[in-house]
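Shown below: final_3.tsv, with TSV, C-alpha atoms.
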```tsv
chain	number	residue	atom	x	y	z
A	737	MET	CA	57.51	103.79	127.33
A	738	LEU	CA	57.28	101.58	124.24
A	739	TRP	CA	56.90	97.86	123.78
A	740	LEU	CA	58.43	96.89	120.47
A	741	GLY	CA	58.22	93.41	118.97
A	742	GLY	CA	58.03	91.75	122.38
A	743	GLY	CA	60.95	93.72	123.86
A	744	LEU	CA	61.12	96.94	125.84
A	745	LEU	CA	62.44	100.03	124.12
A	746	LEU	CA	62.80	103.36	125.88
A	747	CYS	CA	62.27	106.40	123.66
A	748	ALA	CA	63.52	109.84	124.59
A	749	ALA	CA	60.78	112.41	124.85
A	750	GLY	CA	61.52	115.78	123.31
A	751	ALA	CA	60.26	118.42	120.99
A	752	GLY	CA	58.72	116.69	118.02
A	753	THR	CA	57.16	117.69	114.78
A	754	GLY	CA	53.82	116.14	115.68
A	755	PHE	CA	52.13	113.23	113.99
A	756	ALA	CA	49.10	112.46	111.91
A	757	VAL	CA	46.74	109.81	113.17
A	758	ARG	CA	45.31	107.84	110.26
A	759	ALA	CA	41.66	108.80	109.99
A	760	LEU	CA	39.37	105.79	109.78
A	761	ARG	CA	37.10	107.56	107.37
A	762	THR	CA	36.42	106.85	103.76
A	763	PRO	CA	34.53	109.94	102.55
A	764	ALA	CA	31.41	108.97	100.66
A	765	ALA	CA	29.27	111.14	98.49
A	766	SER	CA	26.11	109.26	99.24
A	767	ALA	CA	26.41	107.62	102.65
A	768	PRO	CA	27.33	108.38	106.25
A	769	SER	CA	30.93	107.81	107.20
A	770	ILE	CA	32.97	108.53	110.29
A	771	ALA	CA	36.48	108.35	111.65
A	772	ALA	CA	36.86	106.38	114.84
A	773	ALA	CA	40.44	107.41	115.57
A	774	ALA	CA	40.01	110.97	114.35
A	775	SER	CA	36.54	112.09	115.34
A	776	PRO	CA	34.55	114.83	113.63
A	777	THR	CA	34.85	118.39	114.78
A	778	ALA	CA	32.24	119.28	117.36
A	779	THR	CA	30.76	122.63	116.49
A	780	ALA	CA	29.21	124.80	119.15
A	781	PRO	CA	25.40	124.65	119.28
A	782	HIS	CA	23.68	127.73	117.99
A	783	ASP	CA	23.68	130.64	120.38
A	784	VAL	CA	20.24	130.64	121.92
A	785	THR	CA	21.12	133.78	123.85
A	786	THR	CA	20.70	135.75	120.64
A	787	ALA	CA	17.12	134.56	120.22
A	788	PRO	CA	14.63	137.31	121.05
A	789	ARG	CA	13.80	137.28	124.76
A	790	ALA	CA	10.45	139.09	124.80
A	791	LEU	CA	7.51	137.54	123.03
A	792	PRO	CA	6.25	139.68	120.18
A	793	PRO	CA	2.52	140.12	119.61
A	794	LYS	CA	0.82	136.97	118.45
A	795	PRO	CA	0.31	136.95	114.65
A	796	ALA	CA	-3.21	137.18	113.29
A	797	SER	CA	-2.77	133.67	111.90
A	798	CYS	CA	-0.73	130.76	113.24
A	799	PRO	CA	-0.43	128.28	110.36
A	800	LEU	CA	0.37	125.27	112.55
A	801	THR	CA	-1.02	121.75	112.40
A	802	PRO	CA	-0.59	119.14	115.17
A	803	SER	CA	1.76	116.36	114.08
A	804	ASP	CA	2.69	112.94	115.43
A	805	PRO	CA	6.26	112.32	114.22
A	806	PRO	CA	7.82	108.91	114.90
A	807	TRP	CA	10.86	110.47	116.54
A	808	LEU	CA	8.76	111.44	119.56
A	809	ALA	CA	7.65	107.85	120.18
A	810	VAL	CA	8.99	106.01	123.23
A	811	THR	CA	9.08	102.27	123.86
A	812	PRO	CA	9.72	100.43	127.16
A	813	PRO	CA	13.40	100.03	128.08
A	814	LEU	CA	14.75	96.63	127.13
A	815	ALA	CA	18.17	95.02	127.35
A	816	PRO	CA	19.53	95.07	123.80
A	817	ALA	CA	20.59	91.77	122.27
A	818	PRO	CA	24.29	91.58	121.43
A	819	PRO	CA	25.29	92.43	117.86
A	820	VAL	CA	25.80	89.66	115.34
A	821	GLU	CA	29.49	88.72	115.21
A	822	PRO	CA	30.69	86.89	112.09
A	823	THR	CA	33.37	84.35	112.97
A	824	SER	CA	35.58	85.79	110.25
A	825	LEU	CA	35.69	89.13	112.10
A	826	ALA	CA	36.77	87.66	115.45
A	827	ARG	CA	40.34	88.99	115.37
A	828	ARG	CA	39.24	92.45	114.27
A	829	VAL	CA	36.65	92.56	117.03
A	830	GLU	CA	39.25	91.47	119.58
A	831	LEU	CA	41.55	94.30	118.46
A	832	TRP	CA	38.78	96.91	118.70
A	833	ARG	CA	37.63	95.61	122.09
A	834	ARG	CA	41.11	96.42	123.28
A	835	VAL	CA	41.22	99.85	121.61
A	836	TRP	CA	37.79	100.86	122.98
A	837	GLY	CA	37.94	98.93	126.24
A	838	GLU	CA	41.51	98.96	127.55
A	839	LEU	CA	43.56	101.79	126.03
A	840	GLY	CA	43.06	105.41	127.01
A	841	ASP	CA	43.59	108.70	125.20
A	842	HIS	CA	47.37	108.64	125.56
A	843	GLN	CA	48.02	105.03	124.62
A	844	HIS	CA	48.71	104.04	121.03
A	845	LEU	CA	49.16	100.94	118.91
A	846	LEU	CA	51.22	100.73	115.74
A	847	VAL	CA	49.45	98.15	113.60
A	848	ASP	CA	49.32	96.90	110.03
A	849	GLU	CA	46.30	98.59	108.43
A	850	ARG	CA	45.60	95.45	106.36
A	851	ARG	CA	45.67	93.16	109.41
A	852	PRO	CA	45.09	95.52	112.36
A	853	TRP	CA	45.21	92.70	114.89
A	854	VAL	CA	48.94	92.42	114.06
A	855	VAL	CA	50.30	94.91	116.59
A	856	HIS	CA	53.93	95.82	116.02
A	857	ALA	CA	54.38	98.26	118.90
A	858	GLU	CA	52.64	99.92	121.80
A	859	VAL	CA	53.40	103.50	122.72
A	860	ASP	CA	52.41	104.77	126.15
A	861	CYS	CA	52.43	108.56	126.61
A	862	ARG	CA	50.39	108.80	129.80
A	863	GLU	CA	53.17	110.10	132.00
A	864	LEU	CA	53.79	112.95	129.56
A	865	PHE	CA	50.39	114.47	130.29
A	866	ASN	CA	50.81	114.94	134.03
A	867	GLY	CA	51.89	118.55	133.58
A	868	ALA	CA	49.89	121.62	132.65
A	869	ASP	CA	51.32	122.25	129.17
A	870	GLN	CA	49.13	120.05	126.96
A	871	ASP	CA	50.62	121.34	123.71
A	872	ALA	CA	54.14	120.37	124.82
A	873	SER	CA	52.84	116.99	125.96
A	874	LYS	CA	51.22	116.36	122.60
A	875	ALA	CA	54.42	117.31	120.81
A	876	SER	CA	56.47	114.99	123.00
A	877	CYS	CA	54.03	112.16	122.45
A	878	GLY	CA	54.12	112.79	118.73
A	879	ALA	CA	57.89	112.56	118.75
A	880	ARG	CA	57.72	109.34	120.72
A	881	ILE	CA	55.33	107.81	118.22
A	882	ALA	CA	57.47	108.96	115.30
A	883	ASP	CA	60.55	107.36	116.91
A	884	ALA	CA	58.62	104.16	117.47
A	885	ARG	CA	57.43	104.10	113.87
A	886	ARG	CA	60.98	104.42	112.55
A	887	ALA	CA	62.21	101.70	114.89
A	888	VAL	CA	59.40	99.34	113.87
A	889	GLN	CA	59.90	99.99	110.18
A	890	LYS	CA	63.63	99.30	110.51
A	891	GLN	CA	62.93	96.07	112.33
A	892	LEU	CA	60.30	94.97	109.81
A	893	LYS	CA	62.55	95.64	106.82
A	894	LYS	CA	65.37	93.71	108.44
A	895	GLY	CA	63.19	90.70	109.26
A	896	ALA	CA	60.82	90.83	106.29
A	897	GLY	CA	61.48	87.19	105.35
A	898	SER	CA	61.73	85.77	108.85
A	899	ARG	CA	59.60	82.80	109.78
A	900	ALA	CA	58.33	84.54	112.90
A	901	LEU	CA	57.01	87.52	110.96
A	902	ILE	CA	55.50	85.37	108.21
A	903	LYS	CA	53.77	83.29	110.87
A	904	ARG	CA	52.18	86.44	112.32
A	905	TYR	CA	50.68	87.02	108.89
A	906	ASP	CA	49.26	83.49	108.70
A	907	GLY	CA	51.94	82.41	106.26
A	908	ASP	CA	51.35	85.21	103.76
A	909	LYS	CA	54.85	86.17	102.63
A	910	LYS	CA	53.69	89.14	100.58
A	911	LEU	CA	51.97	90.75	103.56
A	912	ALA	CA	55.06	90.15	105.71
A	913	ARG	CA	57.42	91.65	103.13
A	914	THR	CA	55.35	94.84	102.81
A	915	ALA	CA	54.52	95.30	106.49
A	916	ALA	CA	56.81	98.30	106.93
A	917	LYS	CA	54.85	100.25	104.30
A	918	ASN	CA	51.47	99.68	105.95
A	919	LEU	CA	52.05	100.85	109.50
A	920	ILE	CA	49.39	103.07	111.06
A	921	ASN	CA	48.72	104.46	114.51
A	922	LEU	CA	45.56	103.65	116.49
A	923	GLN	CA	44.80	105.85	119.48
A	924	GLY	CA	43.14	104.29	122.53
A	925	ARG	CA	39.42	105.04	122.85
A	926	LYS	CA	38.51	103.85	126.33
A	927	ASP	CA	38.33	107.39	127.73
A	928	ALA	CA	36.44	108.58	124.65
A	929	LEU	CA	33.91	105.76	125.11
A	930	ALA	CA	33.27	106.82	128.70
A	931	ARG	CA	32.71	110.41	127.61
A	932	ALA	CA	30.43	109.29	124.79
A	933	GLN	CA	28.30	107.17	127.12
A	934	ALA	CA	27.89	110.11	129.48
A	935	ARG	CA	26.77	112.35	126.61
A	936	ALA	CA	24.45	109.68	125.22
A	937	ALA	CA	22.74	108.87	128.52
A	938	PRO	CA	19.88	111.42	128.22
A	939	HIS	CA	18.90	110.30	124.71
A	940	LEU	CA	20.15	106.79	123.96
A	941	GLY	CA	17.30	104.95	125.70
A	942	HIS	CA	14.81	106.86	123.57
A	943	THR	CA	16.95	106.31	120.48
A	944	GLU	CA	17.12	102.56	121.04
A	945	GLY	CA	13.33	102.55	121.15
A	946	LEU	CA	13.22	104.29	117.79
A	947	PHE	CA	15.45	101.58	116.33
A	948	GLU	CA	13.13	98.93	117.70
A	949	LEU	CA	10.13	100.67	116.13
A	950	ALA	CA	11.97	100.55	112.81
A	951	GLU	CA	12.61	96.81	113.33
A	952	VAL	CA	16.34	97.31	113.70
A	953	PRO	CA	18.08	95.66	116.71
A	954	ARG	CA	18.34	98.18	119.55
A	955	ILE	CA	22.08	97.64	119.95
A	956	TYR	CA	22.78	99.27	116.58
A	957	ALA	CA	21.57	102.61	117.93
A	958	ARG	CA	24.98	102.67	119.59
A	959	ALA	CA	26.58	103.02	116.17
A	960	ALA	CA	26.42	106.75	116.92
A	961	ILE	CA	29.25	106.20	119.41
A	962	VAL	CA	31.49	105.06	116.54
A	963	GLU	CA	30.09	107.71	114.24
A	964	SER	CA	30.50	110.81	116.39
A	965	LEU	CA	31.18	109.75	120.00
A	966	TRP	CA	27.54	110.79	120.43
A	967	ARG	CA	27.95	114.46	119.60
A	968	PRO	CA	24.73	115.67	117.94
A	969	GLU	CA	26.46	118.90	116.87
A	970	ALA	CA	29.43	117.13	115.25
A	971	LEU	CA	30.46	118.22	111.77
A	972	SER	CA	33.16	116.33	109.86
A	973	ARG	CA	35.57	117.73	107.31
A	974	SER	CA	33.74	115.80	104.59
A	975	GLY	CA	30.39	117.41	105.45
A	976	ALA	CA	28.81	114.62	107.49
A	977	ALA	CA	26.82	116.00	110.42
A	978	GLY	CA	25.06	114.99	113.59
A	979	ALA	CA	25.26	112.07	115.99
A	980	TYR	CA	24.71	109.64	113.11
A	981	GLN	CA	26.90	111.55	110.66
A	982	PHE	CA	24.64	111.76	107.64
A	983	MET	CA	26.15	113.20	104.50
A	984	PRO	CA	23.94	115.99	103.06
A	985	LYS	CA	22.71	114.00	100.07
A	986	THR	CA	21.75	110.93	102.09
A	987	GLY	CA	20.35	112.97	104.97
A	988	ALA	CA	18.07	114.88	102.61
A	989	GLN	CA	16.32	111.60	101.75
A	990	PHE	CA	14.98	111.40	105.29
A	991	LEU	CA	15.42	114.83	106.89
A	992	LEU	CA	15.13	118.53	106.16
A	993	VAL	CA	18.57	119.72	105.12
A	994	ASP	CA	18.62	123.32	103.92
A	995	GLU	CA	21.99	125.00	104.47
A	996	GLY	CA	21.78	128.07	106.64
A	997	VAL	CA	18.13	127.49	107.49
A	998	VAL	CA	17.41	124.07	108.95
A	999	ASP	CA	19.48	120.90	109.31
A	1000	GLU	CA	17.64	118.08	111.02
A	1001	ARG	CA	20.83	116.00	111.01
A	1002	LEU	CA	21.76	118.03	114.12
A	1003	ASP	CA	18.63	116.95	116.02
A	1004	PRO	CA	19.55	113.72	117.85
A	1005	LEU	CA	16.06	112.22	117.87
A	1006	ARG	CA	15.20	113.04	114.26
A	1007	SER	CA	18.56	111.83	112.98
A	1008	ALA	CA	18.27	108.64	115.06
A	1009	TRP	CA	14.91	107.86	113.50
A	1010	ALA	CA	16.34	108.60	110.05
A	1011	ALA	CA	19.32	106.30	110.69
A	1012	ALA	CA	17.04	103.50	111.91
A	1013	HIS	CA	14.70	103.94	108.94
A	1014	TYR	CA	17.63	103.96	106.51
A	1015	MET	CA	19.05	100.76	108.03
A	1016	SER	CA	15.61	99.13	107.93
A	1017	LEU	CA	15.28	99.91	104.23
A	1018	MET	CA	18.72	98.52	103.46
A	1019	SER	CA	18.01	95.33	105.41
A	1020	ARG	CA	15.30	94.38	102.91
A	1021	ASP	CA	17.98	94.09	100.25
A	1022	LEU	CA	21.16	93.16	102.12
A	1023	ARG	CA	19.34	90.94	104.68
A	1024	GLU	CA	22.30	90.57	107.08
A	1025	TRP	CA	23.00	93.17	109.77
A	1026	PRO	CA	26.81	93.13	109.38
A	1027	LEU	CA	26.31	94.09	105.73
A	1028	VAL	CA	23.59	96.64	106.54
A	1029	LEU	CA	25.75	98.47	109.08
A	1030	THR	CA	28.75	98.39	106.76
A	1031	ALA	CA	26.58	99.79	103.97
A	1032	TYR	CA	25.50	102.58	106.32
A	1033	ASN	CA	29.15	103.56	106.51
A	1034	THR	CA	30.29	102.97	102.95
A	1035	GLY	CA	27.09	103.29	100.96
A	1036	PRO	CA	25.05	100.30	99.73
A	1037	ALA	CA	26.05	100.67	96.06
A	1038	ARG	CA	29.73	100.62	96.90
A	1039	LEU	CA	29.37	97.62	99.20
A	1040	LYS	CA	27.50	95.70	96.51
A	1041	ARG	CA	30.31	96.39	94.05
A	1042	VAL	CA	32.83	95.06	96.56
A	1043	MET	CA	30.76	91.93	97.27
A	1044	LYS	CA	30.43	91.28	93.55
A	1045	ALA	CA	34.15	91.72	92.96
A	1046	ARG	CA	35.10	89.54	95.94
A	1047	ARG	CA	32.38	86.99	95.16
A	1048	THR	CA	31.34	86.68	98.79
A	1049	ARG	CA	28.88	88.07	101.33
A	1050	ASP	CA	31.20	87.24	104.22
A	1051	LEU	CA	32.23	90.58	105.66
A	1052	GLY	CA	35.41	89.22	107.20
A	1053	LYS	CA	36.60	87.78	103.90
A	1054	ILE	CA	35.74	91.06	102.17
A	1055	ALA	CA	37.73	93.02	104.75
A	1056	ASP	CA	40.74	90.69	104.62
A	1057	ALA	CA	40.84	90.86	100.81
A	1058	GLY	CA	42.15	94.42	101.00
A	1059	ASP	CA	41.15	97.82	99.67
A	1060	PHE	CA	38.70	98.07	96.82
A	1061	GLY	CA	38.19	101.54	95.43
A	1062	GLU	CA	37.17	103.66	98.40
A	1063	PHE	CA	36.34	100.62	100.52
A	1064	GLY	CA	39.41	100.85	102.71
A	1065	PHE	CA	40.34	100.74	106.38
A	1066	ASP	CA	37.18	102.50	107.53
A	1067	GLY	CA	34.78	100.13	105.77
A	1068	GLN	CA	36.82	97.08	106.72
A	1069	ASN	CA	36.70	97.89	110.43
A	1070	TYR	CA	33.44	99.79	110.93
A	1071	TYR	CA	31.24	96.85	111.86
A	1072	ALA	CA	33.95	95.25	114.01
A	1073	GLN	CA	34.03	98.45	116.08
A	1074	ILE	CA	30.25	98.39	116.49
A	1075	VAL	CA	30.44	94.78	117.69
A	1076	ALA	CA	33.22	95.67	120.12
A	1077	ILE	CA	31.30	98.63	121.53
A	1078	GLY	CA	28.13	96.56	121.72
A	1079	GLN	CA	29.94	93.95	123.76
A	1080	LEU	CA	31.71	96.49	125.98
A	1081	THR	CA	28.50	98.39	126.74
A	1082	ALA	CA	26.13	95.39	126.85
A	1083	SER	CA	25.48	95.83	130.56
A	1084	ALA	CA	24.78	99.57	130.19
A	1085	ARG	CA	21.03	100.24	130.33
A	1086	PHE	CA	19.81	103.58	129.08
A	1087	GLU	CA	16.39	104.46	130.45
A	1088	PRO	CA	14.31	106.47	127.95
A	1089	GLU	CA	13.26	109.82	129.33
A	1090	PRO	CA	9.58	110.75	129.10
A	1091	VAL	CA	8.66	112.66	125.98
A	1092	VAL	CA	8.39	116.32	126.87
A	1093	GLY	CA	6.63	118.33	124.25
A	1094	ARG	CA	4.31	118.19	121.32
A	1095	ALA	CA	4.96	118.56	117.60
A	1096	LEU	CA	3.45	121.14	115.26
A	1097	ARG	CA	4.00	121.33	111.51
A	1098	LEU	CA	4.38	124.74	109.89
A	1099	ASP	CA	1.97	125.01	106.96
A	1100	GLN	CA	3.76	128.16	105.81
A	1101	ALA	CA	7.01	129.87	106.73
A	1102	LEU	CA	7.13	131.92	109.92
A	1103	ALA	CA	9.70	134.16	111.51
A	1104	PHE	CA	11.13	132.47	114.60
A	1105	ASN	CA	9.73	135.11	116.94
A	1106	GLU	CA	6.32	134.67	115.32
A	1107	LEU	CA	6.50	130.93	115.97
A	1108	ALA	CA	7.48	131.58	119.57
A	1109	ALA	CA	4.52	133.96	119.92
A	1110	CYS	CA	2.12	131.46	118.36
A	1111	VAL	CA	3.05	128.79	120.91
A	1112	GLU	CA	3.55	131.31	123.75
A	1113	THR	CA	7.01	129.97	124.49
A	1114	GLU	CA	10.20	131.71	125.57
A	1115	PRO	CA	12.34	131.86	122.39
A	1116	ALA	CA	15.46	130.52	124.10
A	1117	ALA	CA	13.55	127.44	125.29
A	1118	LEU	CA	12.05	126.92	121.85
A	1119	ALA	CA	15.54	127.16	120.32
A	1120	ARG	CA	16.92	124.52	122.70
A	1121	ASP	CA	14.16	122.09	121.72
A	1122	ASN	CA	14.80	122.68	118.01
A	1123	PRO	CA	18.57	122.33	117.45
A	1124	ALA	CA	17.96	121.81	113.72
A	1125	LEU	CA	17.20	125.51	113.24
A	1126	ALA	CA	20.18	127.53	112.08
A	1127	GLN	CA	21.41	130.65	113.83
A	1128	ALA	CA	20.18	132.73	110.91
A	1129	VAL	CA	16.64	131.58	111.74
A	1130	LEU	CA	17.00	132.39	115.42
A	1131	ASP	CA	18.24	135.91	114.76
A	1132	GLY	CA	15.52	136.57	112.18
A	1133	THR	CA	17.64	136.64	109.02
A	1134	GLU	CA	15.84	133.55	107.72
A	1135	ARG	CA	12.36	132.18	108.39
A	1136	VAL	CA	11.39	128.80	109.79
A	1137	PRO	CA	10.47	126.99	106.56
A	1138	ALA	CA	7.08	125.53	105.72
A	1139	GLY	CA	6.98	121.80	106.41
A	1140	TYR	CA	9.27	121.97	109.41
A	1141	VAL	CA	7.87	120.13	112.44
A	1142	ALA	CA	8.59	122.19	115.53
A	1143	ARG	CA	8.92	120.66	118.95
A	1144	VAL	CA	7.01	122.77	121.45
A	1145	PRO	CA	6.27	122.51	125.17
A	1146	PRO	CA	3.50	120.12	126.25
A	1147	THR	CA	1.67	123.08	127.78
A	1148	VAL	CA	0.86	124.50	124.35
A	1149	ALA	CA	-2.90	124.22	124.13
A	1150	PRO	CA	-4.43	122.68	121.00
A	1151	ALA	CA	-6.34	125.90	120.41
A	1152	LEU	CA	-3.03	127.77	120.10
A	1153	ALA	CA	-1.65	125.20	117.69
A	1154	VAL	CA	-4.03	125.69	114.82
A	1155	ARG	CA	-5.28	128.51	112.64
```

Using the file provided, produce a representation of the structure as structure tokens.
Amino acid sequence: MLWLGGGLLLCAAGAGTGFAVRALRTPAASAPSIAAAASPTATAPHDVTTAPRALPPKPASCPLTPSDPPWLAVTPPLAPAPPVEPTSLARRVELWRRVWGELGDHQHLLVDERRPWVVHAEVDCRELFNGADQDASKASCGARIADARRAVQKQLKKGAGSRALIKRYDGDKKLARTAAKNLINLQGRKDALARAQARAAPHLGHTEGLFELAEVPRIYARAAIVESLWRPEALSRSGAAGAYQFMPKTGAQFLLVDEGVVDERLDPLRSAWAAAHYMSLMSRDLREWPLVLTAYNTGPARLKRVMKARRTRDLGKIADAGDFGEFGFDGQNYYAQIVAIGQLTASARFEPEPVVGRALRLDQALAFNELAACVETEPAALARDNPALAQAVLDGTERVPAGYVARVPPTVAPALAVR
């Protein structure tokens, strides 16, 4: 079923050619970025079953030093304050509250990417997914959306100069005339939000505490829901990784990122602390949280260029002014989505779990089974507590690098943790 321009239009469901959902990502070479409508690919965690099961003999020397990393710190649970909402973003926030709070996986909006609160059609595919053949259902839904797009574009071209359409664009005739060329599809995210909250529950309380320690409002820890739907193992096509979707270059400023050996972007607590620390550093310059969070997505240098060109610090005015370089739909709507999610999840309290484990820094490289022997820990358990270690490390092809801080069970005695 499809609502089109205030009237009801029935579209025949049939074999379609599929459709491409506009990704809300603007790939950045130096900053995290994420699609909200097309989420990053979730890669399977490394296979801990291949880690050696029997402990080898303990090495003659265990070059380990006790460490006290900030990502193991826990603060008391507190109700997070709501995110700052600039008045100029009100209509964007309202749109994203609907996308994240009312519309499920199989509900879609056809909107103008320049003014996404201008909804030209709603496409409901829920009844198509009652059967067992999901591929056929997706194809039928794709065909329905494609039909709706053609119908909307025809209607928009026909009424490009109509008073009603111009009024919807606040009197901007140019936007009204070009509406048919700027139609995109937004998929509902209510179901995705529920799944993300369930995944986040074991860690988000702890993560919010890390943000507080970094003097960043706790609510912005939930940016990981926009970033990756809280999937610590997520890897995007552009190379961003982890719950907070750090790009390699930016992540390496705060985390160990060594391809094929260790990638701390995939550790939810370490990447959360890095994200909070990064935001804290940017706040000293940008000063306003809407700008800080937007810079997290687009990169601070790019955002500054946009602010300079637009001659304003008002994020809503910057967004409404249109694309600027690579500051497009993603950057324009990123903070509005965070506000919407913050409001929708405001009543959700995430209790931080007690810290289980200690931290030991490797003063020199060790084979993974040697590390397990040093701390007298079952390798599979050690692997689960250290998701940053690559599979090549677990199977012995590579060594755990010097400088890596390993998370080990709390039962590891101090005498075992030092040379």

| task | Would you list the residues near (35.2, 99.8, 118.2), meaning any protein, DNA or RNA residue with an atom at most 10 Å from that point in file coordinates, counting all atoms listed in the file, as an MDAnalysis selection string? | result | chainID A and resid 772:773 828:837 925:926 929 959 961:962 1069:1080

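For the atom pair formed by CA of Glu1000 in chain A and CA of Arg1143 in chain A, the distance is 12.1 Å, given to one decimal.
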
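Distance annotation: of A:Ser1083, A:Asn1105, A:Thr914, A:Gln923, the residue with the minimal separation from Lys894 in chain A is A:Thr914; atom set is all atoms listed in the file.
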
| Spatial neighbours of Ala809 in chain A, 9 Å, all atoms listed in the file, chain gap at least 5 places, as a list in words | Asp804, His942, Gly945, Leu946, Leu949 and Val1091 of chain A

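For Arg827 in chain A, the list of residues within 10 Å, based on only C-alpha atoms and with local chain neighbours fewer than 6 positions off taken out, reads A:Arg833, A:Arg851, A:Pro852, A:Trp853, A:Val854, A:Gly1052, A:Ala1072.
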
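For the set A:Gly907, A:Pro1137, A:Gly1035, A:Pro1026, the residue with the smallest atom-to-atom gap to Leu992 in chain A is A:Pro1137, counting only C-alpha atoms.
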
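As for CA of Arg1135 in chain A and CA of Ala1108 in chain A, they are spaced 12.2 Å apart.
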
| said: From the options A:Asp1056, A:Asp841, A:Asp1099, A:Glu951, which residue's atoms come nearest to Tyr905 in chain A, counting only C-alpha atoms? | reply: A:Asp1056

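Taking CA of Trp966 in chain A and CA of Ser1016 in chain A as endpoints, the distance between them is 20.8 Å.
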
| said: Would you pick out the contacts of Glu1024 in chain A at 12 Å or less, using all atoms listed in the file, so that residues sharing its chain but fewer than 4 positions from it are not included, and give the list as a ChimeraX atom specification? | reply: /A:819-822,952-953,1015-1016,1018-1020,1028-1031,1049-1051,1071

| remark: Residue with the minimum atom-to-atom distance to Ala1103 in chain A, picked from A:Cys798, A:Leu940, A:Val810, A:Ala950 with all atoms listed in the file counted, is A:Cys798

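Proximity of A:Leu1017, A:Pro795, A:Arg913, A:Leu846 to Ala887 in chain A, computed with all atoms listed in the file, is greatest for A:Leu846.
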
Quick one: everything within 6 Å of range 1093-1095 of chain A, counting all atoms listed in the file, minus sequence neighbours fewer than 3 positions away in the same chain. Send it as a short mmCIF file (atom, residue, chain, number, x, y, z; two decimals) with C-alpha atoms, in the frame of the given file.
```
data_model
loop_
_atom_site.label_atom_id
_atom_site.label_comp_id
_atom_site.auth_asym_id
_atom_site.auth_seq_id
_atom_site.Cartn_x
_atom_site.Cartn_y
_atom_site.Cartn_z
CA SER A 803 1.76 116.36 114.08
CA ALA A 1142 8.59 122.19 115.53
CA ARG A 1143 8.92 120.66 118.95
CA VAL A 1144 7.01 122.77 121.45
CA PRO A 1145 6.27 122.51 125.17
CA PRO A 1146 3.50 120.12 126.25
#
```

| remark: Of A:Leu922, A:Leu839, A:Leu800, A:Ala882, the one nearest to Tyr1140 in chain A when counting only C-alpha atoms is A:Leu800

If we count only C-alpha atoms, what is near Val855 in chain A at a cut-off of 8 Å, once residues fewer than 6 positions away on the same chain are taken out, given as a CSV table (one decimal) with C-alpha atoms, in the coordinates of the input?
```csv
chain,number,residue,atom,x,y,z
A,845,LEU,CA,49.2,100.9,118.9
A,846,LEU,CA,51.2,100.7,115.7
A,847,VAL,CA,49.4,98.2,113.6
A,848,ASP,CA,49.3,96.9,110.0
```
